[in-house]
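Chemist: I am sharing start_32.cif, which consists of mmCIF, C-alpha atoms, pLDDT in the B column; chains and numbers go by the auth columns:
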```cif
data_upload
loop_
_atom_site.group_PDB
_atom_site.id
_atom_site.type_symbol
_atom_site.label_atom_id
_atom_site.label_comp_id
_atom_site.label_asym_id
_atom_site.label_seq_id
_atom_site.Cartn_x
_atom_site.Cartn_y
_atom_site.Cartn_z
_atom_site.B_iso_or_equiv
_atom_site.auth_seq_id
_atom_site.auth_asym_id
ATOM 1 C CA ILE A 1 17.463 68.268 -16.343 44.00 683 M
ATOM 2 C CA ASN A 2 14.402 66.606 -17.834 48.00 684 M
ATOM 3 C CA GLU A 3 11.328 68.723 -18.403 50.00 685 M
ATOM 4 C CA LEU A 4 8.227 66.720 -17.527 51.00 686 M
ATOM 5 C CA GLY A 5 4.868 68.361 -17.142 55.00 687 M
ATOM 6 C CA GLY A 6 6.426 71.775 -16.719 60.00 688 M
ATOM 7 C CA SER A 7 8.517 70.693 -13.714 74.00 689 M
ATOM 8 C CA SER A 8 12.274 70.214 -13.655 89.00 690 M
ATOM 9 C CA LEU A 9 13.540 66.931 -12.209 89.00 691 M
ATOM 10 C CA PHE A 10 17.105 66.225 -11.189 88.00 692 M
ATOM 11 C CA TRP A 11 18.735 63.176 -9.618 88.00 693 M
ATOM 12 C CA GLN A 12 22.008 62.792 -7.770 88.00 694 M
ATOM 13 C CA SER A 13 24.307 60.771 -10.017 85.00 695 M
ATOM 14 C CA SER A 14 27.489 60.870 -7.928 86.00 696 M
ATOM 15 C CA TYR A 15 28.469 61.249 -4.303 85.00 697 M
ATOM 16 C CA TYR A 16 29.749 64.556 -2.989 80.00 698 M
ATOM 17 C CA GLU A 17 30.073 65.613 0.617 76.00 699 M
ATOM 18 C CA PHE A 18 30.195 69.371 0.120 76.00 700 M
ATOM 19 C CA VAL A 19 28.291 71.639 -2.240 76.00 701 M
ATOM 20 C CA ASN A 20 30.202 74.248 -4.240 74.00 702 M
ATOM 21 C CA SER A 21 29.365 76.689 -7.001 73.00 703 M
ATOM 22 C CA THR A 22 29.783 74.034 -9.703 74.00 704 M
ATOM 23 C CA SER A 23 27.368 71.582 -8.083 76.00 705 M
ATOM 24 C CA GLN A 24 24.453 73.792 -7.065 83.00 706 M
ATOM 25 C CA ILE A 25 21.073 72.391 -8.062 85.00 707 M
ATOM 26 C CA ILE A 26 18.064 74.275 -9.458 89.00 708 M
ATOM 27 C CA ALA A 27 15.065 71.955 -9.645 90.00 709 M
ATOM 28 C CA ASP A 28 11.453 71.464 -8.659 93.00 710 M
ATOM 29 C CA VAL A 29 12.236 67.888 -7.581 94.00 711 M
ATOM 30 C CA TYR A 30 15.654 66.494 -6.620 92.00 712 M
ATOM 31 C CA PHE A 31 16.151 62.769 -5.965 94.00 713 M
ATOM 32 C CA THR A 32 19.065 62.243 -3.559 91.00 714 M
ATOM 33 C CA PHE A 33 21.114 59.400 -2.071 91.00 715 M
ATOM 34 C CA SER A 34 20.332 60.442 1.498 88.00 716 M
ATOM 35 C CA THR A 35 18.575 63.056 3.614 89.00 717 M
ATOM 36 C CA ASP A 36 21.970 64.644 4.381 84.00 718 M
ATOM 37 C CA ARG A 37 21.724 66.545 1.098 80.00 719 M
ATOM 38 C CA PHE A 38 18.592 68.462 2.088 85.00 720 M
ATOM 39 C CA SER A 39 20.007 71.052 4.465 82.00 721 M
ATOM 40 C CA GLU A 40 23.443 71.048 2.810 82.00 722 M
ATOM 41 C CA GLU A 41 21.996 72.036 -0.575 85.00 723 M
ATOM 42 C CA ASN A 42 19.788 74.749 0.895 81.00 724 M
ATOM 43 C CA ASN A 43 22.608 76.229 2.964 81.00 725 M
ATOM 44 C CA LYS A 44 24.963 76.450 -0.035 82.00 726 M
ATOM 45 C CA GLY A 45 22.733 78.154 -2.585 82.00 727 M
ATOM 46 C CA SER A 46 20.842 75.389 -4.350 87.00 728 M
ATOM 47 C CA CYS A 47 17.228 76.183 -5.223 89.00 729 M
ATOM 48 C CA VAL A 48 15.119 73.033 -4.800 90.00 730 M
ATOM 49 C CA SER A 49 11.381 72.959 -4.105 91.00 731 M
ATOM 50 C CA ASN A 50 11.032 69.275 -3.196 92.00 732 M
ATOM 51 C CA TYR A 51 13.590 66.707 -2.086 92.00 733 M
ATOM 52 C CA ILE A 52 12.993 62.975 -2.348 94.00 734 M
ATOM 53 C CA CYS A 53 15.457 60.586 -0.726 93.00 735 M
ATOM 54 C CA SER A 54 15.450 57.635 -3.125 92.00 736 M
ATOM 55 C CA GLY A 55 18.687 55.954 -2.018 93.00 737 M
ATOM 56 C CA TYR A 56 21.582 54.947 -4.233 93.00 738 M
ATOM 57 C CA PRO A 57 20.179 54.676 -7.798 92.00 739 M
ATOM 58 C CA TYR A 58 22.591 52.016 -9.072 92.00 740 M
ATOM 59 C CA ASP A 59 22.177 49.361 -6.387 94.00 741 M
ATOM 60 C CA PHE A 60 20.124 47.263 -8.825 94.00 742 M
ATOM 61 C CA ASN A 61 23.487 46.305 -10.359 94.00 743 M
ATOM 62 C CA PHE A 62 24.515 44.366 -7.260 96.00 744 M
ATOM 63 C CA GLN A 63 22.315 41.376 -7.995 95.00 745 M
ATOM 64 C CA LEU A 64 22.570 41.676 -11.783 95.00 746 M
ATOM 65 C CA ASN A 65 26.377 41.418 -11.770 94.00 747 M
ATOM 66 C CA LYS A 66 26.901 38.947 -8.947 96.00 748 M
ATOM 67 C CA SER A 67 27.641 36.036 -11.287 97.00 749 M
ATOM 68 C CA LYS A 68 30.237 38.081 -13.215 97.00 750 M
ATOM 69 C CA SER A 69 31.896 39.032 -9.932 98.00 751 M
ATOM 70 C CA THR A 70 31.992 35.402 -8.856 98.00 752 M
ATOM 71 C CA GLY A 71 33.627 34.435 -12.159 98.00 753 M
ATOM 72 C CA ILE A 72 36.391 37.028 -11.739 98.00 754 M
ATOM 73 C CA ARG A 73 36.963 35.987 -8.136 98.00 755 M
ATOM 74 C CA ASN A 74 37.149 32.291 -8.985 98.00 756 M
ATOM 75 C CA LYS A 75 39.694 32.972 -11.741 98.00 757 M
ATOM 76 C CA LEU A 76 42.043 34.734 -9.299 98.00 758 M
ATOM 77 C CA LEU A 77 41.538 32.111 -6.597 98.00 759 M
ATOM 78 C CA LYS A 78 42.347 29.366 -9.114 98.00 760 M
ATOM 79 C CA ASN A 79 45.652 31.112 -9.820 98.00 761 M
ATOM 80 C CA GLY A 80 46.651 31.094 -6.153 98.00 762 M
ATOM 81 C CA ALA A 81 45.072 34.186 -4.583 98.00 763 M
ATOM 82 C CA LYS A 82 43.702 33.779 -1.064 98.00 764 M
ATOM 83 C CA LYS A 83 42.521 37.346 -0.450 98.00 765 M
ATOM 84 C CA ILE A 84 41.599 39.836 -3.175 98.00 766 M
ATOM 85 C CA ILE A 85 41.873 43.629 -3.203 98.00 767 M
ATOM 86 C CA ALA A 86 39.903 45.828 -5.618 98.00 768 M
ATOM 87 C CA PHE A 87 41.512 49.188 -6.434 97.00 769 M
ATOM 88 C CA PHE A 88 39.670 52.163 -7.911 95.00 770 M
ATOM 89 C CA ASP A 89 41.614 55.182 -9.116 92.00 771 M
ATOM 90 C CA GLN A 90 40.128 58.575 -9.918 85.00 772 M
ATOM 91 C CA GLY A 91 42.216 59.031 -13.041 79.00 773 M
ATOM 92 C CA PHE A 92 44.957 61.564 -13.674 79.00 774 M
ATOM 93 C CA SER A 93 45.644 64.773 -15.543 75.00 775 M
ATOM 94 C CA ASN A 94 48.383 65.402 -18.091 74.00 776 M
ATOM 95 C CA ASP A 95 48.867 68.695 -16.257 73.00 777 M
ATOM 96 C CA PRO A 96 49.301 68.011 -12.501 73.00 778 M
ATOM 97 C CA LYS A 97 48.631 71.669 -11.811 76.00 779 M
ATOM 98 C CA TRP A 98 44.915 70.904 -12.149 75.00 780 M
ATOM 99 C CA PHE A 99 44.624 67.354 -10.805 72.00 781 M
ATOM 100 C CA HIS A 100 46.698 64.316 -9.830 76.00 782 M
ATOM 101 C CA GLY A 101 49.430 63.802 -12.406 74.00 783 M
ATOM 102 C CA ILE A 102 50.529 60.519 -13.928 80.00 784 M
ATOM 103 C CA ASP A 103 53.524 60.277 -11.534 87.00 785 M
ATOM 104 C CA TYR A 104 51.192 60.377 -8.517 87.00 786 M
ATOM 105 C CA ILE A 105 49.056 57.539 -9.869 90.00 787 M
ATOM 106 C CA SER A 106 52.071 55.561 -11.093 92.00 788 M
ATOM 107 C CA GLU A 107 53.525 55.460 -7.567 94.00 789 M
ATOM 108 C CA GLN A 108 50.316 53.873 -6.296 94.00 790 M
ATOM 109 C CA TYR A 109 50.351 51.187 -8.980 95.00 791 M
ATOM 110 C CA ILE A 110 54.022 50.433 -8.392 97.00 792 M
ATOM 111 C CA PHE A 111 53.242 49.930 -4.694 97.00 793 M
ATOM 112 C CA LEU A 112 50.301 47.608 -5.429 97.00 794 M
ATOM 113 C CA PHE A 113 52.192 45.578 -8.049 98.00 795 M
ATOM 114 C CA GLU A 114 55.204 45.173 -5.746 98.00 796 M
ATOM 115 C CA LYS A 115 52.929 43.837 -3.003 98.00 797 M
ATOM 116 C CA LEU A 116 51.197 41.512 -5.451 98.00 798 M
ATOM 117 C CA ILE A 117 54.519 40.045 -6.560 98.00 799 M
ATOM 118 C CA GLN A 118 55.846 39.716 -2.993 98.00 800 M
ATOM 119 C CA GLU A 119 52.684 38.346 -1.385 98.00 801 M
ATOM 120 C CA LYS A 120 51.643 35.109 -3.060 97.00 802 M
ATOM 121 C CA TRP A 121 48.307 35.131 -1.213 98.00 803 M
ATOM 122 C CA MET A 122 47.221 38.432 -2.793 98.00 804 M
ATOM 123 C CA GLY A 123 44.892 38.961 -5.742 98.00 805 M
ATOM 124 C CA LEU A 124 44.320 42.369 -7.328 98.00 806 M
ATOM 125 C CA ILE A 125 41.440 43.797 -9.352 98.00 807 M
ATOM 126 C CA ILE A 126 41.935 47.199 -10.981 97.00 808 M
ATOM 127 C CA LYS A 127 39.082 49.375 -12.191 96.00 809 M
ATOM 128 C CA SER A 128 40.215 52.826 -13.245 94.00 810 M
ATOM 129 C CA LYS A 129 37.819 55.712 -13.715 91.00 811 M
ATOM 130 C CA ARG A 130 39.387 56.268 -17.156 90.00 812 M
ATOM 131 C CA PRO A 131 40.406 52.831 -18.475 91.00 813 M
ATOM 132 C CA ALA A 132 41.143 54.195 -21.953 90.00 814 M
ATOM 133 C CA LEU A 133 44.135 56.021 -20.448 89.00 815 M
ATOM 134 C CA ILE A 134 45.379 53.439 -17.971 90.00 816 M
ATOM 135 C CA LYS A 135 47.820 51.896 -20.458 91.00 817 M
ATOM 136 C CA ASN A 136 49.756 55.187 -20.306 90.00 818 M
ATOM 137 C CA ILE A 137 50.469 54.410 -16.653 92.00 819 M
ATOM 138 C CA PHE A 138 51.479 50.818 -17.298 93.00 820 M
ATOM 139 C CA ASP A 139 53.748 51.812 -20.191 93.00 821 M
ATOM 140 C CA LYS A 140 55.465 54.228 -17.814 91.00 822 M
ATOM 141 C CA ILE A 141 56.145 51.684 -15.056 93.00 823 M
ATOM 142 C CA GLY A 142 57.113 48.899 -17.459 90.00 824 M
ATOM 143 C CA LYS A 143 58.431 45.599 -16.165 94.00 825 M
ATOM 144 C CA ILE A 144 56.751 45.550 -12.787 96.00 826 M
ATOM 145 C CA TYR A 145 53.383 45.726 -14.541 96.00 827 M
ATOM 146 C CA GLU A 146 54.369 42.789 -16.753 96.00 828 M
ATOM 147 C CA LYS A 147 55.398 40.760 -13.689 97.00 829 M
ATOM 148 C CA ALA A 148 52.055 41.514 -12.041 97.00 830 M
ATOM 149 C CA ILE A 149 50.176 40.262 -15.105 97.00 831 M
ATOM 150 C CA ASP A 150 52.375 37.167 -15.321 97.00 832 M
ATOM 151 C CA SER A 151 51.421 36.257 -11.743 97.00 833 M
ATOM 152 C CA GLY A 152 47.919 35.362 -12.943 97.00 834 M
ATOM 153 C CA ARG A 153 46.515 37.077 -9.852 98.00 835 M
ATOM 154 C CA CYS A 154 45.781 40.468 -11.414 98.00 836 M
ATOM 155 C CA TYR A 155 42.577 41.360 -13.249 98.00 837 M
ATOM 156 C CA ILE A 156 42.371 44.737 -15.012 97.00 838 M
ATOM 157 C CA TYR A 157 39.380 46.364 -16.685 97.00 839 M
ATOM 158 C CA PHE A 158 40.615 47.800 -19.984 95.00 840 M
ATOM 159 C CA GLU A 159 37.221 48.110 -21.709 94.00 841 M
ATOM 160 C CA HIS A 160 35.999 51.650 -22.268 93.00 842 M
ATOM 161 C CA ASP A 161 33.188 53.491 -23.996 93.00 843 M
ATOM 162 C CA LYS A 162 33.444 53.864 -27.757 91.00 844 M
ATOM 163 C CA TYR A 163 33.545 57.665 -27.668 91.00 845 M
ATOM 164 C CA GLY A 164 34.995 58.318 -24.233 90.00 846 M
ATOM 165 C CA VAL A 165 37.741 57.404 -21.788 91.00 847 M
ATOM 166 C CA LYS A 166 35.400 56.031 -19.104 91.00 848 M
ATOM 167 C CA ASN A 167 33.471 52.783 -18.869 90.00 849 M
ATOM 168 C CA THR A 168 29.854 53.625 -18.104 89.00 850 M
ATOM 169 C CA LYS A 169 28.564 50.082 -18.682 92.00 851 M
ATOM 170 C CA ILE A 170 30.488 48.047 -16.108 94.00 852 M
ATOM 171 C CA PRO A 171 29.633 49.112 -12.541 95.00 853 M
ATOM 172 C CA VAL A 172 32.105 49.464 -9.700 95.00 854 M
ATOM 173 C CA SER A 173 30.168 46.827 -7.787 97.00 855 M
ATOM 174 C CA GLU A 174 31.183 44.121 -10.281 97.00 856 M
ATOM 175 C CA ALA A 175 34.790 44.573 -9.166 97.00 857 M
ATOM 176 C CA SER A 176 34.065 45.180 -5.488 98.00 858 M
ATOM 177 C CA MET A 177 31.865 42.104 -5.058 98.00 859 M
ATOM 178 C CA ALA A 178 34.729 39.950 -6.353 98.00 860 M
ATOM 179 C CA ALA A 179 37.048 41.314 -3.654 98.00 861 M
ATOM 180 C CA ASP A 180 37.562 40.944 0.083 98.00 862 M
ATOM 181 C CA LEU A 181 38.635 44.576 0.447 98.00 863 M
ATOM 182 C CA SER A 182 38.305 47.657 -1.767 97.00 864 M
ATOM 183 C CA ILE A 183 40.497 50.760 -1.927 96.00 865 M
ATOM 184 C CA HIS A 184 39.441 54.033 -3.534 94.00 866 M
ATOM 185 C CA ASN A 185 42.430 56.319 -3.949 88.00 867 M
ATOM 186 C CA THR A 186 40.832 59.708 -3.290 82.00 868 M
ATOM 187 C CA LEU A 187 38.199 61.319 -1.096 74.00 869 M
ATOM 188 C CA LEU A 188 37.811 64.146 -3.601 71.00 870 M
ATOM 189 C CA ALA A 189 35.113 62.182 -5.420 71.00 871 M
ATOM 190 C CA GLY A 190 33.964 59.192 -3.436 85.00 872 M
ATOM 191 C CA THR A 191 31.255 57.560 -5.557 91.00 873 M
ATOM 192 C CA ALA A 192 33.285 54.423 -6.339 93.00 874 M
ATOM 193 C CA GLY A 193 34.074 53.940 -2.665 93.00 875 M
ATOM 194 C CA ILE A 194 30.453 54.501 -1.683 93.00 876 M
ATOM 195 C CA GLU A 195 29.177 51.972 -4.234 95.00 877 M
ATOM 196 C CA SER A 196 31.773 49.447 -3.154 96.00 878 M
ATOM 197 C CA ALA A 197 30.774 49.771 0.494 95.00 879 M
ATOM 198 C CA LEU A 198 27.072 49.548 -0.352 96.00 880 M
ATOM 199 C CA SER A 199 27.705 46.354 -2.316 97.00 881 M
ATOM 200 C CA GLY A 200 28.910 44.762 0.925 96.00 882 M
ATOM 201 C CA THR A 201 32.699 44.937 0.569 97.00 883 M
ATOM 202 C CA PRO A 202 34.782 46.591 3.326 97.00 884 M
ATOM 203 C CA THR A 203 36.164 49.741 1.711 96.00 885 M
#
```
Represent the structure from my file as C-alpha cells, please.

Modeler:
Amino acid sequence: INELGGSSLFWQSSYYEFVNSTSQIIADVYFTFSTDRFSEENNKGSCVSNYICSGYPYDFNFQLNKSKSTGIRNKLLKNGAKKIIAFFDQGFSNDPKWFHGIDYISEQYIFLFEKLIQEKWMGLIIKSKRPALIKNIFDKIGKIYEKAIDSGRCYIYFEHDKYGVKNTKIPVSEASMAADLSIHNTLLAGTAGIESALSGTPT
C-alpha cells in the first residue's frame, strides 16, 4: 500500500474470482480490473471506501510487445509450424501436499511434447510462471524434451529475474500474441489466462 496524502491506495495486480482471508483489502481507494470486485470485496470482509474500475493495468504491453511476438511467431512458422499454441503453467511445489507437484506438471509437458512431435503442423510456446525452475521438469522427462527442441517448432522462455524464480519483465501477452490458441493450466490463479484472452488470443 502506498501512502499518499494520508490516504491508502491499492490496485489489483492479479485476477482472482473469490475473496478469501488472505486477499482481503483495506484501503481508502482500490483500483480494480472490473466492477465485479465491488460487491464481492464488501461481502467477504474487505474494508474499502472508494472503488475505481480502471481495467486491466498491463494492457499497455499489448502494443509495446507486438513486434517481439511477431518475431517469435515467424521463427516457428519458418520451421514448419502452421498453428501455434502458447502454454502457461502455474508452477509446481517440491511438496505436492501444498500445491501441484512436479509429477503433475511433468505429465502435462509430456503430453504437449508428444503432440508437437506427432503433429508436424504444430508450434509450441512455453511460458512458465517460474522459469528458473522449469529445467527441473525438463531434466525429469529427458529425451522427449530434447526431441521437442530439435523439431525447431518449440520456443521456451527460460529468462528469469536476477533474484527470483519468476520473470516479471516479459509479459504473458508477448507469448499469447504469437499464438493462435493459449492454454493456462489452472483456474486457481487465472491472471495469465485473462491477459492472454484480453490480448486477443482465444484462451

Chemist: Can you measure atom CA of Leu806 of chain M to atom CA of Tyr738 of chain M for me? One decimal in Å is fine.

Modeler: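 Atom-to-atom, atom CA of Leu806 of chain M to atom CA of Tyr738 of chain M, that is 26.2 Å.
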
Chemist: Got a sec to resolve the PyMOL selection byres ((chain M and resi 758) around 12) on this structure and send the residues as number ranges by chain?

Modeler: M: 751-757, 759-768, 802-807, 831, 833-838, 860-861

Chemist: Could you check which of M:Lys825, M:Ser810, M:Asp862, M:Ile816 is closest to Thr850 of chain M, using only C-alpha atoms?

Modeler: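 Looking only at the distances to Thr850 of chain M, the closest residue turns out to be M:Ser810.
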
Chemist: Run the PyMOL selection byres ((chain M and resi 874-876) around 10) mentally over the shown coordinates, then write out the matched residues as a ChimeraX atom specification, using the chain letters and numbers from the document.

Modeler: /M:696-697,738,769-772,809-811,853-855,858,864-869,871-873,877-881,883-885

Chemist: Which residues would end up in the selection if the PyMOL selection byres ((chain M and resi 722) around 12) were applied here, given that I need the answer as a ChimeraX atom specification?

Modeler: /M:698-702,705-707,714,716-721,723-730,733

Chemist: Quick check, in Å to one decimal: how far apart do atom CA of Pro739 of chain M and atom CA of Ile787 of chain M lie?

Modeler: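 Rounded to one decimal, the two atoms are 29.1 Å apart.
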
Chemist: Between atom CA of Lys829 of chain M and atom CA of Leu794 of chain M, what is the spacing in Å?

Modeler: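 The value is 11.9 Å.
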
Chemist: Here is a test: counting only C-alpha atoms, which residue of M:Phe820, M:Tyr740, M:Phe715, M:Trp693 is nearest to Tyr791 of chain M?

Modeler: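 Under the stated criterion, the closest residue is M:Phe820.
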
Chemist: Considering all atoms listed in the file, state which residue in the set M:Gly773, M:Gly846, M:Gly737, M:Gly824 is at the smallest distance from Leu870 of chain M.

Modeler: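 That would be M:Gly773, the residue with the smallest distance to Leu870 of chain M.
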
Chemist: So which one's closest to Glu841 of chain M, M:Ser775, M:Ile708, M:Leu815, M:Ser695? Using only C-alpha atoms, please.

Modeler: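 Using only C-alpha atoms, Glu841 of chain M sits closest to M:Leu815.
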
Chemist: May I ask which of the residues M:Tyr786, M:Phe795, M:Phe781, M:Tyr839 is the closest one to Ile808 of chain M, counting only C-alpha atoms?

Modeler: M:Tyr839

Chemist: May I ask which of the residues M:Ala814, M:Ala857, M:Ile792, M:Ile734 is the closest one to Lys748 of chain M, counting only C-alpha atoms?

Modeler: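 Selected residue with least distance to Lys748 of chain M: M:Ala857.
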